[in-house]
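File shown: input.tsv. Contents: TSV, C-alpha atoms.
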```
chain	number	residue	atom	x	y	z
A	11	MET	CA	-2.38	-36.12	23.19
A	12	SER	CA	-5.55	-36.86	25.17
A	13	PHE	CA	-7.56	-34.16	26.94
A	14	GLY	CA	-11.19	-33.21	27.25
A	15	ILE	CA	-13.59	-30.50	28.35
A	16	ALA	CA	-14.60	-31.22	31.94
A	17	GLU	CA	-16.93	-28.24	32.46
A	18	PHE	CA	-18.40	-25.13	30.79
A	19	GLY	CA	-19.17	-21.68	32.18
A	20	TYR	CA	-20.80	-18.65	30.51
A	21	ALA	CA	-21.32	-14.91	30.67
A	22	PHE	CA	-23.57	-12.89	28.37
A	23	GLY	CA	-24.27	-9.24	27.79
A	24	GLU	CA	-27.83	-8.02	28.20
A	25	THR	CA	-30.20	-9.71	25.75
A	26	GLN	CA	-31.78	-7.36	23.21
A	27	GLU	CA	-34.33	-8.02	20.49
A	28	VAL	CA	-33.00	-7.37	16.99
A	29	ALA	CA	-36.35	-6.09	15.72
A	30	THR	CA	-36.50	-3.52	18.54
A	31	VAL	CA	-33.03	-1.98	18.17
A	32	ALA	CA	-31.90	-2.58	14.57
A	33	ALA	CA	-33.02	0.90	13.52
A	34	ASP	CA	-30.60	2.35	16.09
A	35	TYR	CA	-27.72	0.86	14.11
A	36	VAL	CA	-28.73	1.00	10.43
A	37	PRO	CA	-31.11	3.02	8.24
A	38	ASP	CA	-32.49	-0.18	6.66
A	39	PRO	CA	-33.45	-2.52	9.54
A	40	ALA	CA	-35.45	-4.77	7.21
A	41	ARG	CA	-32.12	-5.90	5.70
A	42	ILE	CA	-30.89	-6.96	9.14
A	43	MET	CA	-34.12	-8.81	9.89
A	44	ARG	CA	-33.67	-10.90	6.74
A	45	TRP	CA	-30.55	-12.45	8.30
A	46	GLY	CA	-32.81	-14.39	10.68
A	47	TYR	CA	-31.49	-13.25	14.06
A	48	THR	CA	-34.11	-12.66	16.75
A	49	SER	CA	-31.88	-11.53	19.64
A	50	PHE	CA	-28.29	-10.75	20.60
A	51	HIS	CA	-26.30	-9.69	23.67
A	52	ARG	CA	-24.93	-6.22	24.39
A	53	ALA	CA	-22.68	-5.68	27.39
A	54	PRO	CA	-23.18	-2.55	29.53
A	55	LYS	CA	-20.73	0.25	28.75
A	56	ASP	CA	-18.74	-0.40	31.92
A	57	VAL	CA	-18.40	-4.17	31.35
A	58	HIS	CA	-15.50	-4.98	29.05
A	59	ALA	CA	-13.93	-8.15	27.70
A	60	VAL	CA	-11.81	-9.17	30.69
A	61	GLN	CA	-14.77	-8.64	33.03
A	62	LEU	CA	-17.00	-10.83	30.85
A	63	ALA	CA	-14.20	-13.41	30.74
A	64	ALA	CA	-13.86	-13.31	34.53
A	65	GLN	CA	-17.61	-13.84	34.98
A	66	ALA	CA	-17.49	-16.92	32.73
A	67	ALA	CA	-14.34	-18.18	34.51
A	68	GLU	CA	-15.94	-17.81	37.94
A	69	ASP	CA	-18.99	-19.67	36.64
A	70	VAL	CA	-16.96	-22.62	35.33
A	71	LEU	CA	-14.86	-22.84	38.50
A	72	LYS	CA	-18.02	-22.93	40.61
A	73	ARG	CA	-19.59	-25.62	38.40
A	74	ALA	CA	-16.37	-27.67	38.53
A	75	GLY	CA	-16.02	-27.29	42.32
A	76	MET	CA	-12.54	-25.80	41.86
A	77	THR	CA	-10.59	-22.74	42.96
A	78	ALA	CA	-8.24	-20.62	40.90
A	79	ASP	CA	-5.31	-22.00	42.91
A	80	GLU	CA	-5.84	-25.38	41.24
A	81	LEU	CA	-5.27	-24.06	37.71
A	82	GLY	CA	-2.08	-24.88	35.85
A	83	MET	CA	-2.56	-22.40	32.99
A	84	VAL	CA	-4.91	-19.60	31.96
A	85	VAL	CA	-5.59	-19.26	28.22
A	86	TYR	CA	-7.45	-16.18	26.98
A	87	ALA	CA	-8.80	-15.87	23.42
A	88	TYR	CA	-10.45	-12.70	22.13
A	89	SER	CA	-11.84	-11.44	18.82
A	90	ASP	CA	-12.32	-7.67	19.12
A	91	GLN	CA	-10.40	-4.67	20.40
A	92	PRO	CA	-8.66	-5.17	23.77
A	93	GLU	CA	-9.24	-2.65	26.52
A	94	TYR	CA	-5.72	-1.23	26.19
A	95	PRO	CA	-2.81	-1.50	23.74
A	96	HIS	CA	0.45	-2.98	25.05
A	97	TRP	CA	-1.53	-4.98	27.62
A	98	ASP	CA	-1.80	-8.71	28.24
A	99	SER	CA	-5.45	-9.66	28.71
A	100	SER	CA	-4.56	-13.19	29.81
A	101	ALA	CA	-2.54	-11.78	32.71
A	102	ALA	CA	-5.37	-9.37	33.52
A	103	LEU	CA	-7.82	-12.28	33.68
A	104	ALA	CA	-5.52	-14.22	36.01
A	105	ARG	CA	-5.34	-11.13	38.24
A	106	GLU	CA	-9.15	-10.87	38.28
A	107	LEU	CA	-9.28	-14.49	39.44
A	108	ARG	CA	-6.55	-13.89	42.05
A	109	THR	CA	-4.42	-16.80	40.89
A	110	PRO	CA	-0.90	-17.23	42.23
A	111	PRO	CA	1.90	-16.71	39.66
A	112	ILE	CA	0.80	-18.88	36.72
A	113	GLN	CA	1.38	-19.63	33.05
A	114	THR	CA	-0.85	-17.59	30.76
A	115	LEU	CA	-1.39	-17.67	27.00
A	116	LEU	CA	-2.99	-14.93	24.86
A	117	LEU	CA	-4.66	-15.88	21.55
A	118	SER	CA	-5.89	-13.37	18.98
A	119	GLU	CA	-6.66	-15.20	15.73
A	120	GLY	CA	-9.95	-13.35	15.35
A	121	CYS	CA	-13.03	-15.55	15.54
A	122	ALA	CA	-10.87	-18.67	15.09
A	123	SER	CA	-9.12	-18.83	18.46
A	124	GLY	CA	-11.91	-20.61	20.30
A	125	VAL	CA	-11.45	-23.51	17.86
A	126	THR	CA	-7.75	-23.35	16.98
A	127	GLY	CA	-6.91	-22.73	20.64
A	128	LEU	CA	-7.76	-26.35	21.40
A	129	GLY	CA	-4.99	-27.48	19.06
A	130	LEU	CA	-2.52	-25.01	20.57
A	131	ILE	CA	-3.38	-26.22	24.07
A	132	ALA	CA	-2.74	-29.80	22.91
A	133	GLY	CA	0.78	-28.68	22.07
A	134	GLN	CA	1.31	-27.22	25.55
A	135	LEU	CA	0.12	-30.45	27.14
A	136	ALA	CA	2.47	-32.44	24.91
A	137	ILE	CA	5.57	-30.49	25.98
A	138	GLN	CA	4.58	-30.14	29.66
A	139	PRO	CA	3.71	-33.58	31.05
A	140	GLU	CA	3.01	-32.08	34.48
A	141	LEU	CA	0.41	-29.61	33.13
A	142	ASP	CA	-3.28	-30.14	33.98
A	143	ASN	CA	-6.42	-28.13	34.83
A	144	ILE	CA	-6.25	-25.52	32.09
A	145	LEU	CA	-8.73	-22.65	32.13
A	146	PHE	CA	-9.60	-21.69	28.53
A	147	VAL	CA	-11.74	-18.56	28.10
A	148	ALA	CA	-13.00	-17.21	24.76
A	149	VAL	CA	-14.57	-13.74	24.82
A	150	HIS	CA	-16.04	-11.29	22.33
A	151	ARG	CA	-16.96	-7.79	23.41
A	152	THR	CA	-17.75	-5.48	20.48
A	153	SER	CA	-16.03	-2.10	20.66
A	154	GLU	CA	-18.76	0.16	19.30
A	155	PHE	CA	-16.28	3.01	18.97
A	156	HIS	CA	-14.41	1.01	16.35
A	157	ARG	CA	-17.25	-0.89	14.66
A	158	ASN	CA	-20.98	-0.87	14.19
A	159	ARG	CA	-22.05	-4.33	15.36
A	160	MET	CA	-24.60	-4.59	12.54
A	161	THR	CA	-22.43	-3.51	9.60
A	162	VAL	CA	-19.17	-5.48	10.06
A	163	ASN	CA	-20.46	-8.29	7.84
A	164	ASP	CA	-23.75	-10.14	7.39
A	165	SER	CA	-24.01	-10.96	11.11
A	166	VAL	CA	-25.23	-9.19	14.23
A	167	HIS	CA	-22.22	-9.03	16.54
A	168	SER	CA	-22.87	-9.99	20.15
A	169	ASP	CA	-21.06	-9.82	23.51
A	170	ALA	CA	-20.40	-13.03	25.46
A	171	ALA	CA	-17.74	-15.26	26.99
A	172	VAL	CA	-17.37	-18.99	27.49
A	173	ALA	CA	-14.95	-20.67	29.90
A	174	LEU	CA	-13.79	-24.29	29.85
A	175	ILE	CA	-11.90	-26.47	32.29
A	176	LEU	CA	-9.65	-28.73	30.22
A	177	LYS	CA	-8.17	-31.81	31.88
A	178	ARG	CA	-5.48	-34.20	30.69
A	179	ASP	CA	-6.85	-37.69	29.91
A	180	HIS	CA	-10.44	-36.57	30.49
A	181	GLN	CA	-12.48	-38.89	28.28
A	182	GLU	CA	-15.65	-36.81	27.83
A	183	ASN	CA	-15.80	-34.03	25.22
A	184	ARG	CA	-12.36	-35.16	24.12
A	185	TRP	CA	-10.29	-33.17	21.61
A	186	LEU	CA	-9.22	-35.25	18.60
A	187	ALA	CA	-7.66	-32.95	15.98
A	188	THR	CA	-7.37	-29.37	14.73
A	189	SER	CA	-6.89	-28.09	11.18
A	190	GLN	CA	-6.61	-24.57	9.75
A	191	ILE	CA	-5.61	-22.76	6.56
A	192	THR	CA	-5.07	-19.05	5.88
A	193	ASP	CA	-5.27	-17.12	2.60
A	194	PRO	CA	-2.74	-14.31	3.20
A	195	ASP	CA	-3.90	-12.27	0.18
A	196	LEU	CA	-7.19	-11.63	1.99
A	197	CYS	CA	-5.72	-10.49	5.32
A	198	ASP	CA	-7.12	-6.93	5.03
A	199	PHE	CA	-10.74	-8.05	4.90
A	200	PHE	CA	-12.69	-6.75	7.94
A	201	ARG	CA	-9.76	-4.92	9.50
A	202	SER	CA	-10.40	-1.79	11.57
A	203	ASP	CA	-8.68	1.15	9.90
A	204	TYR	CA	-8.23	3.28	13.01
A	205	GLY	CA	-6.73	2.64	16.43
A	206	GLY	CA	-3.49	0.95	15.37
A	207	SER	CA	0.02	2.35	14.92
A	208	ILE	CA	-0.57	3.45	11.28
A	209	ALA	CA	-3.67	5.51	12.08
A	210	PRO	CA	-4.05	5.81	15.86
A	211	LEU	CA	-6.90	8.33	15.57
A	212	PRO	CA	-9.80	8.49	13.11
A	213	PRO	CA	-10.59	11.64	11.10
A	214	PRO	CA	-12.59	14.23	13.09
A	215	ASP	CA	-15.83	13.50	11.24
A	216	TRP	CA	-15.55	9.67	11.36
A	217	ASP	CA	-18.11	7.62	13.30
A	218	SER	CA	-18.38	3.84	13.38
A	219	MET	CA	-22.17	4.06	13.17
A	220	THR	CA	-22.02	5.73	9.75
A	221	ALA	CA	-18.72	4.31	8.42
A	222	PRO	CA	-18.92	2.19	5.24
A	223	ASN	CA	-20.26	-1.34	5.56
A	224	GLY	CA	-17.54	-3.86	6.39
A	225	LEU	CA	-18.28	-5.84	3.23
A	226	LEU	CA	-17.35	-2.91	1.00
A	227	ARG	CA	-13.65	-3.88	1.07
A	228	VAL	CA	-14.55	-7.38	-0.08
A	229	GLN	CA	-16.65	-6.04	-2.94
A	230	ASN	CA	-13.89	-3.66	-4.02
A	231	HIS	CA	-11.30	-6.45	-3.89
A	232	PHE	CA	-13.25	-8.28	-6.59
A	233	GLY	CA	-13.95	-5.16	-8.61
A	234	ARG	CA	-17.66	-5.41	-7.75
A	235	ASP	CA	-17.88	-8.17	-10.36
A	236	PRO	CA	-20.89	-10.36	-9.44
A	237	ARG	CA	-19.35	-13.45	-11.05
A	238	ARG	CA	-16.13	-13.12	-9.07
A	239	LEU	CA	-18.06	-12.51	-5.84
A	240	VAL	CA	-20.25	-15.58	-6.39
A	241	ALA	CA	-17.14	-17.65	-7.11
A	242	PHE	CA	-15.55	-16.35	-3.89
A	243	VAL	CA	-18.58	-17.36	-1.83
A	244	GLY	CA	-18.21	-20.85	-3.28
A	245	THR	CA	-14.54	-20.84	-2.30
A	246	LEU	CA	-15.43	-19.82	1.27
A	247	GLU	CA	-17.74	-22.81	1.60
A	248	GLN	CA	-15.40	-25.33	-0.02
A	249	ARG	CA	-12.53	-24.32	2.25
A	250	VAL	CA	-14.74	-25.03	5.26
A	251	VAL	CA	-15.27	-28.50	3.79
A	252	GLN	CA	-11.50	-28.76	3.25
A	253	VAL	CA	-10.56	-28.07	6.88
A	254	VAL	CA	-13.32	-30.35	8.19
A	255	ASP	CA	-12.09	-33.16	5.94
A	256	ASP	CA	-8.48	-32.52	6.94
A	257	ALA	CA	-9.34	-32.67	10.65
A	258	CYS	CA	-11.24	-35.92	10.00
A	259	ARG	CA	-8.19	-37.33	8.21
A	260	ARG	CA	-5.95	-36.45	11.15
A	261	ALA	CA	-8.38	-38.06	13.60
A	262	LYS	CA	-8.82	-41.11	11.33
A	263	VAL	CA	-12.58	-40.64	11.02
A	264	GLN	CA	-14.94	-39.81	8.15
A	265	ARG	CA	-17.02	-36.70	7.59
A	266	GLY	CA	-20.04	-38.97	7.41
A	267	ASP	CA	-19.39	-39.92	11.05
A	268	LEU	CA	-20.20	-36.39	12.26
A	269	ALA	CA	-23.27	-36.17	14.49
A	270	ARG	CA	-23.25	-32.36	14.44
A	271	VAL	CA	-21.36	-29.49	12.82
A	272	ILE	CA	-21.06	-26.33	14.90
A	273	TYR	CA	-20.24	-23.33	12.72
A	274	ILE	CA	-19.89	-19.63	13.53
A	275	ASN	CA	-23.26	-18.05	14.42
A	276	ASP	CA	-23.80	-16.81	10.89
A	277	ASN	CA	-27.03	-15.63	9.26
A	278	GLN	CA	-29.55	-18.32	8.38
A	279	SER	CA	-28.85	-18.25	4.65
A	280	SER	CA	-25.14	-18.87	5.27
A	281	MET	CA	-25.89	-21.62	7.79
A	282	GLN	CA	-27.96	-23.40	5.15
A	283	ALA	CA	-25.21	-22.94	2.55
A	284	ILE	CA	-22.58	-24.48	4.86
A	285	ALA	CA	-24.90	-27.39	5.66
A	286	ASN	CA	-25.39	-27.96	1.93
A	287	ALA	CA	-21.63	-27.83	1.29
A	288	LEU	CA	-21.03	-30.41	4.03
A	289	GLN	CA	-23.98	-32.49	2.83
A	290	ILE	CA	-25.80	-32.52	6.16
A	291	PRO	CA	-29.27	-31.28	7.19
A	292	VAL	CA	-29.16	-27.75	8.61
A	293	GLU	CA	-30.88	-29.17	11.71
A	294	ARG	CA	-27.58	-30.89	12.53
A	295	THR	CA	-25.84	-27.51	12.82
A	296	ASN	CA	-26.12	-24.71	15.41
A	297	ALA	CA	-28.41	-22.66	13.16
A	298	ALA	CA	-31.23	-22.52	15.72
A	299	LEU	CA	-28.89	-21.31	18.49
A	300	ALA	CA	-27.40	-18.68	16.17
A	301	THR	CA	-30.74	-16.89	15.87
A	302	LEU	CA	-30.90	-16.47	19.65
A	303	HIS	CA	-27.35	-15.30	20.35
A	304	GLY	CA	-26.02	-13.46	17.32
A	305	HIS	CA	-22.37	-13.73	16.32
A	306	MET	CA	-20.34	-13.92	19.54
A	307	GLY	CA	-17.02	-13.97	17.70
A	308	VAL	CA	-14.49	-16.34	19.21
A	309	ALA	CA	-17.08	-17.74	21.65
A	310	ASP	CA	-19.62	-19.01	19.09
A	311	GLN	CA	-18.67	-22.66	18.73
A	312	LEU	CA	-17.83	-23.38	22.36
A	313	ILE	CA	-21.02	-21.79	23.69
A	314	SER	CA	-23.03	-23.73	21.12
A	315	LEU	CA	-21.26	-26.97	22.07
A	316	GLY	CA	-22.07	-26.44	25.73
A	317	GLU	CA	-25.69	-25.57	25.02
A	318	HIS	CA	-26.20	-28.57	22.71
A	319	LEU	CA	-24.91	-30.75	25.56
A	320	GLU	CA	-27.19	-29.11	28.12
A	321	ARG	CA	-30.19	-29.56	25.81
A	322	GLY	CA	-29.47	-33.27	25.46
A	323	GLU	CA	-28.87	-32.89	21.72
A	324	LEU	CA	-25.55	-34.73	21.88
A	325	ARG	CA	-24.90	-38.22	23.24
A	326	LYS	CA	-21.82	-39.99	24.52
A	327	GLY	CA	-19.67	-41.08	21.59
A	328	ASP	CA	-21.00	-38.46	19.15
A	329	LEU	CA	-18.43	-36.83	16.88
A	330	VAL	CA	-18.71	-33.03	16.60
A	331	ALA	CA	-16.92	-30.62	14.27
A	332	LEU	CA	-16.32	-27.05	15.49
A	333	CYS	CA	-15.55	-25.02	12.36
A	334	GLY	CA	-15.70	-21.58	10.83
A	335	ILE	CA	-14.15	-18.70	8.95
A	336	ALA	CA	-12.31	-15.83	10.63
A	337	SER	CA	-10.84	-12.54	9.48
A	338	GLY	CA	-7.39	-13.23	8.21
A	339	MET	CA	-8.84	-15.01	6.18
A	340	ARG	CA	-8.59	-18.19	8.23
A	341	TRP	CA	-10.60	-21.41	7.91
A	342	HIS	CA	-10.49	-23.70	10.95
A	343	CYS	CA	-11.86	-26.88	12.46
A	344	SER	CA	-11.44	-28.91	15.65
A	345	LEU	CA	-13.05	-32.29	16.28
A	346	VAL	CA	-14.47	-33.29	19.67
A	347	ARG	CA	-15.69	-36.72	20.74
A	348	ILE	CA	-18.52	-36.44	23.26
```
Would you write out, as structure tokens, the structure that this file holds?
Amino acid sequence: MSFGIAEFGYAFGETQEVATVAADYVPDPARIMRWGYTSFHRAPKDVHAVQLAAQAAEDVLKRAGMTADELGMVVYAYSDQPEYPHWDSSAALARELRTPPIQTLLLSEGCASGVTGLGLIAGQLAIQPELDNILFVAVHRTSEFHRNRMTVNDSVHSDAAVALILKRDHQENRWLATSQITDPDLCDFFRSDYGGSIAPLPPPDWDSMTAPNGLLRVQNHFGRDPRRLVAFVGTLEQRVVQVVDDACRRAKVQRGDLARVIYINDNQSSMQAIANALQIPVERTNAALATLHGHMGVADQLISLGEHLERGELRKGDLVALCGIASGMRWHCSLVRI
């Protein structure tokens, strides 16, 4: 199946300096500063995920010189709490764009959907030969009622959306392969305990700003044994290598052919560790962009891909791996040929 990314569009929350606001989120801001982030994006209280997604979609349609009437499908991927339960955000986005009746697809594989969604879209193109002009939007809008954006894990969570126009047989930024694996035993890591059907409401004295750090469940899972935790970190990195290698095998290329690896916007220590595991210089990752944006969930890799292209850091023919780890736990990779 041959398709490529014809255009990118973006929407960001308001940019804030980590050093200025970290103390509003945690009692130990020096710990946050050690992660290496300089800024992140925080959406205004009245701007939610679908609105961010619509802003990015309008941007990409304008850049592509298209109207919503020309779209064959709207795909919406998100990685935080939706605005409402029992609600289809993909349909809500199509309504915001005033499309006619249209196919929509809703993806919620945590931070993975911006990468794995490319493989799922390939499947839709394969079974619908008439399908073209797909709008693919990936959005992360942190719900601060449910989570403290600086204690979920070792990343500063950020609000942003990226929109793509995907076209059949488009030869630039062409999708080649997707690979993913999930470890089901770890599916409770980083879940939100309140707001679902088991516990719709939190206890009266609960507050996301003072709730336990999101990594506590990981530490407890391994009995707070430092040796087991170190071994797990090694497993995290090696499974990234595994999905990258598997995607390369499917595309009939070698890992050594990669011009750039675009990972989640993790802290700088983790970015270096992933570069080491993949045996590439950290300068060939998105580490520098990560410091500016924070962790934008499902939108990380696609925003970074678009910005690397705009900066002239990728050339025609370059092979790029979009990869990461998502809650689930899910490891994922898609390959793109520039």
Non-local contacts of Phe13 in chain A (9 Å; all atoms listed in the file; under 2 positions in same chain excluded) as a PyMOL selection string:
chain A and resi 11+15+132+135+176-186
Shell around Ile131 in chain A at 12 Å using all atoms listed in the file, local window under 3 positions removed, as a ChimeraX atom specification:
/A:11-15,82-87,114-117,123-128,134-138,141-146,175-178,185,187-188,344
Starting from 3 Å padding per side, set up an axis-aligned box that covers all listed atoms of range 51-66 of chain A and hand over centre and edge lengths in Å, one decimal, as AutoDock Vina command-line options.
```
--center_x -19.1 --center_y -8.3 --center_z 29.3 --size_x 20.5 --size_y 23.2 --size_z 17.3
```
Counting all atoms listed in the file, find the residues whose atoms lie at most 7 Å from (-6.4, -23.5, 9.1) (file coordinates) and write them out as a list in words.
Ser189, Gln190, Ile191, Thr192, Val253, Arg340, Trp341 and His342 of chain A
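Put simply, CA of Thr109 in chain A is 23.0 Å away from CA of Pro95 in chain A.
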Near-range 330-332 of chain A list (9 Å; all atoms listed in the file; drop same-chain fewer than 3 positions) as number ranges by chain:
A: 125, 254, 257-258, 267-274, 311-312, 315, 324, 342-348
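Separating CA of Arg249 in chain A from CA of Pro236 in chain A is a distance of 20.0 Å.
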List every protein, DNA or RNA residue that has at least one atom no more than 12 Å from (-19.5, -14.6, 19.0) in the file's coordinates, counting all atoms listed in the file, and write the result as a compact mmCIF listing (two decimals) with C-alpha atoms, keeping the file's coordinate frame.
```
# COMPACT_ATOMS: atom_id res chain seq x y z
CA ALA A 21 -21.32 -14.91 30.67
CA PHE A 22 -23.57 -12.89 28.37
CA GLY A 23 -24.27 -9.24 27.79
CA PHE A 50 -28.29 -10.75 20.60
CA HIS A 51 -26.30 -9.69 23.67
CA ARG A 52 -24.93 -6.22 24.39
CA ALA A 87 -8.80 -15.87 23.42
CA TYR A 88 -10.45 -12.70 22.13
CA SER A 89 -11.84 -11.44 18.82
CA ASP A 90 -12.32 -7.67 19.12
CA GLY A 120 -9.95 -13.35 15.35
CA CYS A 121 -13.03 -15.55 15.54
CA ALA A 122 -10.87 -18.67 15.09
CA SER A 123 -9.12 -18.83 18.46
CA GLY A 124 -11.91 -20.61 20.30
CA ALA A 148 -13.00 -17.21 24.76
CA VAL A 149 -14.57 -13.74 24.82
CA HIS A 150 -16.04 -11.29 22.33
CA ARG A 151 -16.96 -7.79 23.41
CA THR A 152 -17.75 -5.48 20.48
CA ARG A 159 -22.05 -4.33 15.36
CA SER A 165 -24.01 -10.96 11.11
CA VAL A 166 -25.23 -9.19 14.23
CA HIS A 167 -22.22 -9.03 16.54
CA SER A 168 -22.87 -9.99 20.15
CA ASP A 169 -21.06 -9.82 23.51
CA ALA A 170 -20.40 -13.03 25.46
CA ALA A 171 -17.74 -15.26 26.99
CA VAL A 172 -17.37 -18.99 27.49
CA TYR A 273 -20.24 -23.33 12.72
CA ILE A 274 -19.89 -19.63 13.53
CA ASN A 275 -23.26 -18.05 14.42
CA ASP A 276 -23.80 -16.81 10.89
CA LEU A 299 -28.89 -21.31 18.49
CA ALA A 300 -27.40 -18.68 16.17
CA THR A 301 -30.74 -16.89 15.87
CA LEU A 302 -30.90 -16.47 19.65
CA HIS A 303 -27.35 -15.30 20.35
CA GLY A 304 -26.02 -13.46 17.32
CA HIS A 305 -22.37 -13.73 16.32
CA MET A 306 -20.34 -13.92 19.54
CA GLY A 307 -17.02 -13.97 17.70
CA VAL A 308 -14.49 -16.34 19.21
CA ALA A 309 -17.08 -17.74 21.65
CA ASP A 310 -19.62 -19.01 19.09
CA GLN A 311 -18.67 -22.66 18.73
CA LEU A 312 -17.83 -23.38 22.36
CA ILE A 313 -21.02 -21.79 23.69
CA SER A 314 -23.03 -23.73 21.12
CA GLY A 334 -15.70 -21.58 10.83
CA ALA A 336 -12.31 -15.83 10.63
```
So that I can see what lies close to Ser218 in chain A, please list as a list in words the residues with an atom at most 12 Å from it, counting only C-alpha atoms and leaving out residues fewer than 5 positions away in the same chain.
Tyr35, Val36, Thr152, Ser153, Glu154, Phe155, His156, Arg157, Asn158, Arg159, Met160, Thr161, Val162, Ser202, Asp203, Tyr204, Pro212, Pro213, Asn223 and Gly224 of chain A
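One distance worth recording is that between CA of Gly75 in chain A and CA of Ala16 in chain A, which is 11.2 Å.
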If I only have part of range 325-331 of chain A, can you fill in all heavy atoms and write it as a PDB file, in the frame of the given file?
```pdb
ATOM      1  N   ARG A 325     -25.000 -37.026  22.398  1.00  0.00           N
ATOM      2  CA  ARG A 325     -24.900 -38.220  23.240  1.00  0.00           C
ATOM      3  C   ARG A 325     -23.457 -38.685  23.325  1.00  0.00           C
ATOM      4  O   ARG A 325     -22.629 -38.351  22.463  1.00  0.00           O
ATOM      5  CB  ARG A 325     -25.773 -39.338  22.666  1.00  0.00           C
ATOM      6  CG  ARG A 325     -27.262 -39.017  22.646  1.00  0.00           C
ATOM      7  CD  ARG A 325     -28.057 -40.152  22.035  1.00  0.00           C
ATOM      8  NE  ARG A 325     -27.698 -40.365  20.635  1.00  0.00           N
ATOM      9  CZ  ARG A 325     -28.209 -41.317  19.863  1.00  0.00           C
ATOM     10  NH1 ARG A 325     -29.080 -42.175  20.368  1.00  0.00           N
ATOM     11  NH2 ARG A 325     -27.843 -41.429  18.603  1.00  0.00           N
ATOM     12  N   LYS A 326     -23.164 -39.449  24.340  1.00  0.00           N
ATOM     13  CA  LYS A 326     -21.820 -39.990  24.520  1.00  0.00           C
ATOM     14  C   LYS A 326     -21.399 -40.751  23.262  1.00  0.00           C
ATOM     15  O   LYS A 326     -22.147 -41.574  22.738  1.00  0.00           O
ATOM     16  CB  LYS A 326     -21.781 -40.918  25.736  1.00  0.00           C
ATOM     17  CG  LYS A 326     -20.377 -41.429  26.074  1.00  0.00           C
ATOM     18  CD  LYS A 326     -20.387 -42.220  27.362  1.00  0.00           C
ATOM     19  CE  LYS A 326     -19.001 -42.775  27.682  1.00  0.00           C
ATOM     20  NZ  LYS A 326     -18.004 -41.701  27.835  1.00  0.00           N
ATOM     21  N   GLY A 327     -20.201 -40.443  22.790  1.00  0.00           N
ATOM     22  CA  GLY A 327     -19.670 -41.080  21.590  1.00  0.00           C
ATOM     23  C   GLY A 327     -19.882 -40.292  20.323  1.00  0.00           C
ATOM     24  O   GLY A 327     -19.250 -40.581  19.295  1.00  0.00           O
ATOM     25  N   ASP A 328     -20.764 -39.272  20.351  1.00  0.00           N
ATOM     26  CA  ASP A 328     -21.000 -38.460  19.150  1.00  0.00           C
ATOM     27  C   ASP A 328     -19.725 -37.722  18.748  1.00  0.00           C
ATOM     28  O   ASP A 328     -18.944 -37.262  19.598  1.00  0.00           O
ATOM     29  CB  ASP A 328     -22.100 -37.433  19.403  1.00  0.00           C
ATOM     30  CG  ASP A 328     -23.499 -38.009  19.267  1.00  0.00           C
ATOM     31  OD1 ASP A 328     -23.624 -39.157  18.809  1.00  0.00           O
ATOM     32  OD2 ASP A 328     -24.466 -37.302  19.617  1.00  0.00           O
ATOM     33  N   LEU A 329     -19.551 -37.579  17.445  1.00  0.00           N
ATOM     34  CA  LEU A 329     -18.430 -36.830  16.880  1.00  0.00           C
ATOM     35  C   LEU A 329     -18.932 -35.471  16.425  1.00  0.00           C
ATOM     36  O   LEU A 329     -19.913 -35.385  15.675  1.00  0.00           O
ATOM     37  CB  LEU A 329     -17.824 -37.599  15.703  1.00  0.00           C
ATOM     38  CG  LEU A 329     -16.601 -36.983  15.019  1.00  0.00           C
ATOM     39  CD1 LEU A 329     -15.418 -36.936  15.977  1.00  0.00           C
ATOM     40  CD2 LEU A 329     -16.249 -37.770  13.760  1.00  0.00           C
ATOM     41  N   VAL A 330     -18.268 -34.401  16.876  1.00  0.00           N
ATOM     42  CA  VAL A 330     -18.710 -33.030  16.600  1.00  0.00           C
ATOM     43  C   VAL A 330     -17.564 -32.262  15.959  1.00  0.00           C
ATOM     44  O   VAL A 330     -16.414 -32.330  16.422  1.00  0.00           O
ATOM     45  CB  VAL A 330     -19.159 -32.314  17.891  1.00  0.00           C
ATOM     46  CG1 VAL A 330     -19.608 -30.896  17.586  1.00  0.00           C
ATOM     47  CG2 VAL A 330     -20.279 -33.102  18.568  1.00  0.00           C
ATOM     48  N   ALA A 331     -17.889 -31.517  14.902  1.00  0.00           N
ATOM     49  CA  ALA A 331     -16.920 -30.620  14.270  1.00  0.00           C
ATOM     50  C   ALA A 331     -17.230 -29.191  14.677  1.00  0.00           C
ATOM     51  O   ALA A 331     -18.365 -28.721  14.526  1.00  0.00           O
ATOM     52  CB  ALA A 331     -16.965 -30.755  12.757  1.00  0.00           C
TER      53      ALA A 331
END
```
